[in-house]
Amino acid sequence: MKIKKGFVLREVCGQNVIVGEGLDAINFGRMLSLNNTAAWIWKEGIRQGEFTAQSLAVAMCEEYDVAPDRALKDIEATLAQWLELNVIE
């Protein structure tokens, strides 16, 4: 998977949000608010370029004190939502 071209993470009024930029994102037409953990997942996805739920979970466990199975479960749920919203591919 990878972050879809045209979507970026911005801080707006102290909130982390994904916004669409440019013609590729013209149909998005909204902002997607992220908590700090989801924002970290987004940034890590950008850093990795091509990623899987497993590669993100490994990175999360290296960064935070979280059980591997919990990290994977939470990341899979987040990625499923992002796939549904068409911000990753």
# chains A, B, ... in the order shown; residues from 1 in each chain; ligands from 1
$ select_by_dssp --residues "stretch 7-59 of chain A" --states "strand (DSSP E)" --output "VMD selection string"
chain A and resid 7 to 12 15 to 20 31 to 34
$ select_by_dssp --residues "chain A" --states "alpha helix (DSSP H)" --output "PyMOL selection string"
chain A and resi 36-48+53-63+68-85
$ write_last_selection --atoms "N, CA and C atoms" --output "short mmCIF file (atom, residue, chain, number, x, y, z; two decimals), in the first residue's frame"
data_model
loop_
_atom_site.label_atom_id
_atom_site.label_comp_id
_atom_site.auth_asym_id
_atom_site.auth_seq_id
_atom_site.Cartn_x
_atom_site.Cartn_y
_atom_site.Cartn_z
N ASN A 36 -3.46 11.58 17.33
CA ASN A 36 -2.00 11.57 17.26
C ASN A 36 -1.43 10.25 16.76
N THR A 37 -2.06 9.14 17.16
CA THR A 37 -1.59 7.83 16.72
C THR A 37 -1.81 7.65 15.22
N ALA A 38 -2.98 8.01 14.75
CA ALA A 38 -3.26 7.90 13.31
C ALA A 38 -2.34 8.82 12.51
N ALA A 39 -2.06 10.01 13.04
CA ALA A 39 -1.13 10.93 12.37
C ALA A 39 0.27 10.29 12.30
N TRP A 40 0.68 9.60 13.36
CA TRP A 40 1.97 8.92 13.34
C TRP A 40 1.97 7.83 12.27
N ILE A 41 0.88 7.07 12.16
CA ILE A 41 0.78 6.02 11.14
C ILE A 41 0.89 6.64 9.75
N TRP A 42 0.22 7.76 9.53
CA TRP A 42 0.29 8.44 8.23
C TRP A 42 1.73 8.86 7.91
N LYS A 43 2.38 9.49 8.89
CA LYS A 43 3.77 9.95 8.68
C LYS A 43 4.70 8.77 8.42
N GLU A 44 4.48 7.68 9.15
CA GLU A 44 5.31 6.49 8.95
C GLU A 44 5.05 5.88 7.57
N GLY A 45 3.80 5.90 7.13
CA GLY A 45 3.47 5.43 5.79
C GLY A 45 4.18 6.25 4.73
N ILE A 46 4.22 7.56 4.92
CA ILE A 46 4.95 8.44 4.00
C ILE A 46 6.43 8.08 4.02
N ARG A 47 6.99 7.90 5.23
CA ARG A 47 8.41 7.58 5.36
C ARG A 47 8.76 6.27 4.66
N GLN A 48 7.88 5.26 4.82
CA GLN A 48 8.15 3.95 4.21
C GLN A 48 7.89 3.94 2.71
N ALA A 53 0.43 -3.33 6.66
CA ALA A 53 0.02 -3.20 8.05
C ALA A 53 1.12 -3.76 8.96
N GLN A 54 1.72 -4.85 8.53
CA GLN A 54 2.78 -5.48 9.33
C GLN A 54 4.00 -4.57 9.46
N SER A 55 4.43 -3.93 8.36
CA SER A 55 5.62 -3.07 8.44
C SER A 55 5.35 -1.85 9.32
N LEU A 56 4.13 -1.34 9.27
CA LEU A 56 3.77 -0.22 10.14
C LEU A 56 3.71 -0.66 11.60
N ALA A 57 3.19 -1.87 11.85
CA ALA A 57 3.11 -2.38 13.22
C ALA A 57 4.50 -2.58 13.82
N VAL A 58 5.42 -3.10 13.03
CA VAL A 58 6.79 -3.29 13.50
C VAL A 58 7.39 -1.93 13.88
N ALA A 59 7.21 -0.95 13.01
CA ALA A 59 7.74 0.39 13.30
C ALA A 59 7.09 0.99 14.54
N MET A 60 5.79 0.77 14.70
CA MET A 60 5.09 1.31 15.87
C MET A 60 5.62 0.68 17.16
N CYS A 61 5.88 -0.61 17.12
CA CYS A 61 6.40 -1.29 18.31
C CYS A 61 7.81 -0.80 18.65
N GLU A 62 8.56 -0.43 17.65
CA GLU A 62 9.90 0.12 17.89
C GLU A 62 9.82 1.53 18.48
N GLU A 63 8.78 2.26 18.12
CA GLU A 63 8.62 3.66 18.55
C GLU A 63 7.89 3.78 19.89
N PRO A 68 2.71 -6.15 19.97
CA PRO A 68 2.65 -6.32 18.52
C PRO A 68 1.26 -6.66 17.99
N ASP A 69 0.54 -7.55 18.67
CA ASP A 69 -0.80 -7.92 18.17
C ASP A 69 -1.78 -6.75 18.26
N ARG A 70 -1.65 -5.93 19.29
CA ARG A 70 -2.51 -4.75 19.44
C ARG A 70 -2.19 -3.71 18.37
N ALA A 71 -0.89 -3.48 18.14
CA ALA A 71 -0.48 -2.52 17.11
C ALA A 71 -1.01 -2.95 15.75
N LEU A 72 -0.85 -4.21 15.41
CA LEU A 72 -1.30 -4.72 14.12
C LEU A 72 -2.82 -4.58 13.96
N LYS A 73 -3.55 -4.94 14.99
CA LYS A 73 -5.02 -4.85 14.95
C LYS A 73 -5.47 -3.41 14.73
N ASP A 74 -4.90 -2.48 15.47
CA ASP A 74 -5.28 -1.07 15.35
C ASP A 74 -4.89 -0.50 13.98
N ILE A 75 -3.72 -0.87 13.50
CA ILE A 75 -3.27 -0.38 12.19
C ILE A 75 -4.14 -0.96 11.08
N GLU A 76 -4.47 -2.22 11.16
CA GLU A 76 -5.35 -2.82 10.15
C GLU A 76 -6.70 -2.10 10.10
N ALA A 77 -7.25 -1.76 11.25
CA ALA A 77 -8.53 -1.03 11.30
C ALA A 77 -8.39 0.35 10.67
N THR A 78 -7.30 1.03 10.98
CA THR A 78 -7.07 2.37 10.42
C THR A 78 -6.91 2.30 8.91
N LEU A 79 -6.11 1.36 8.43
CA LEU A 79 -5.89 1.23 7.00
C LEU A 79 -7.18 0.86 6.27
N ALA A 80 -8.02 0.05 6.87
CA ALA A 80 -9.30 -0.32 6.26
C ALA A 80 -10.17 0.94 6.07
N GLN A 81 -10.17 1.81 7.07
CA GLN A 81 -10.93 3.06 6.95
C GLN A 81 -10.35 3.93 5.84
N TRP A 82 -9.03 4.04 5.80
CA TRP A 82 -8.39 4.87 4.78
C TRP A 82 -8.61 4.33 3.38
N LEU A 83 -8.62 2.99 3.24
CA LEU A 83 -8.93 2.40 1.93
C LEU A 83 -10.36 2.75 1.52
N GLU A 84 -11.27 2.66 2.45
CA GLU A 84 -12.67 2.99 2.18
C GLU A 84 -12.83 4.45 1.76
N LEU A 85 -12.04 5.33 2.38
CA LEU A 85 -12.08 6.77 2.06
C LEU A 85 -11.24 7.11 0.83
#
$ residues_around --residues "stretch 1-8 of chain A" --least-positions-apart "4" --cutoff "7 Å" --atoms "only C-alpha atoms" --output "ChimeraX atom specification"
/A:18-22,24-25,45-46,49-52,87-89
$ write_last_selection --atoms "N, CA and C atoms" --output "compact mmCIF listing (two decimals), in the first residue's frame"
# COMPACT_ATOMS: atom_id res chain seq x y z
N ILE A 18 -6.07 15.20 7.28
CA ILE A 18 -5.68 14.87 5.92
C ILE A 18 -6.55 15.73 5.01
N VAL A 19 -5.90 16.40 4.09
CA VAL A 19 -6.62 17.23 3.12
C VAL A 19 -6.17 16.84 1.72
N GLY A 20 -7.07 17.05 0.78
CA GLY A 20 -6.74 16.80 -0.61
C GLY A 20 -6.16 18.06 -1.24
N GLU A 21 -5.14 17.88 -2.04
CA GLU A 21 -4.52 18.99 -2.75
C GLU A 21 -4.43 18.64 -4.23
N GLY A 22 -4.68 19.60 -5.08
CA GLY A 22 -4.52 19.40 -6.51
C GLY A 22 -5.67 18.66 -7.15
N ASP A 24 -5.86 15.64 -8.38
CA ASP A 24 -6.06 14.24 -8.02
C ASP A 24 -7.03 14.08 -6.86
N ALA A 25 -7.17 15.12 -6.05
CA ALA A 25 -8.00 15.02 -4.84
C ALA A 25 -9.26 15.87 -4.92
N GLY A 45 3.80 5.90 7.13
CA GLY A 45 3.47 5.43 5.79
C GLY A 45 4.18 6.25 4.73
N ILE A 46 4.22 7.56 4.92
CA ILE A 46 4.95 8.44 4.00
C ILE A 46 6.43 8.08 4.02
N GLY A 49 7.03 4.79 2.24
CA GLY A 49 6.66 4.78 0.82
C GLY A 49 5.67 3.67 0.54
N GLU A 50 6.15 2.50 0.24
CA GLU A 50 5.31 1.31 0.12
C GLU A 50 5.29 0.65 1.50
N PHE A 51 4.11 0.35 2.00
CA PHE A 51 4.01 -0.22 3.35
C PHE A 51 2.93 -1.28 3.41
N THR A 52 3.00 -2.06 4.49
CA THR A 52 1.95 -3.03 4.82
C THR A 52 1.53 -2.75 6.26
N VAL A 87 -7.93 7.26 0.41
CA VAL A 87 -6.75 8.11 0.60
C VAL A 87 -5.45 7.32 0.56
N ILE A 88 -5.58 5.98 0.50
CA ILE A 88 -4.42 5.11 0.29
C ILE A 88 -4.78 4.13 -0.82
N GLU A 89 -3.75 3.56 -1.39
CA GLU A 89 -3.99 2.56 -2.45
C GLU A 89 -2.99 1.43 -2.34
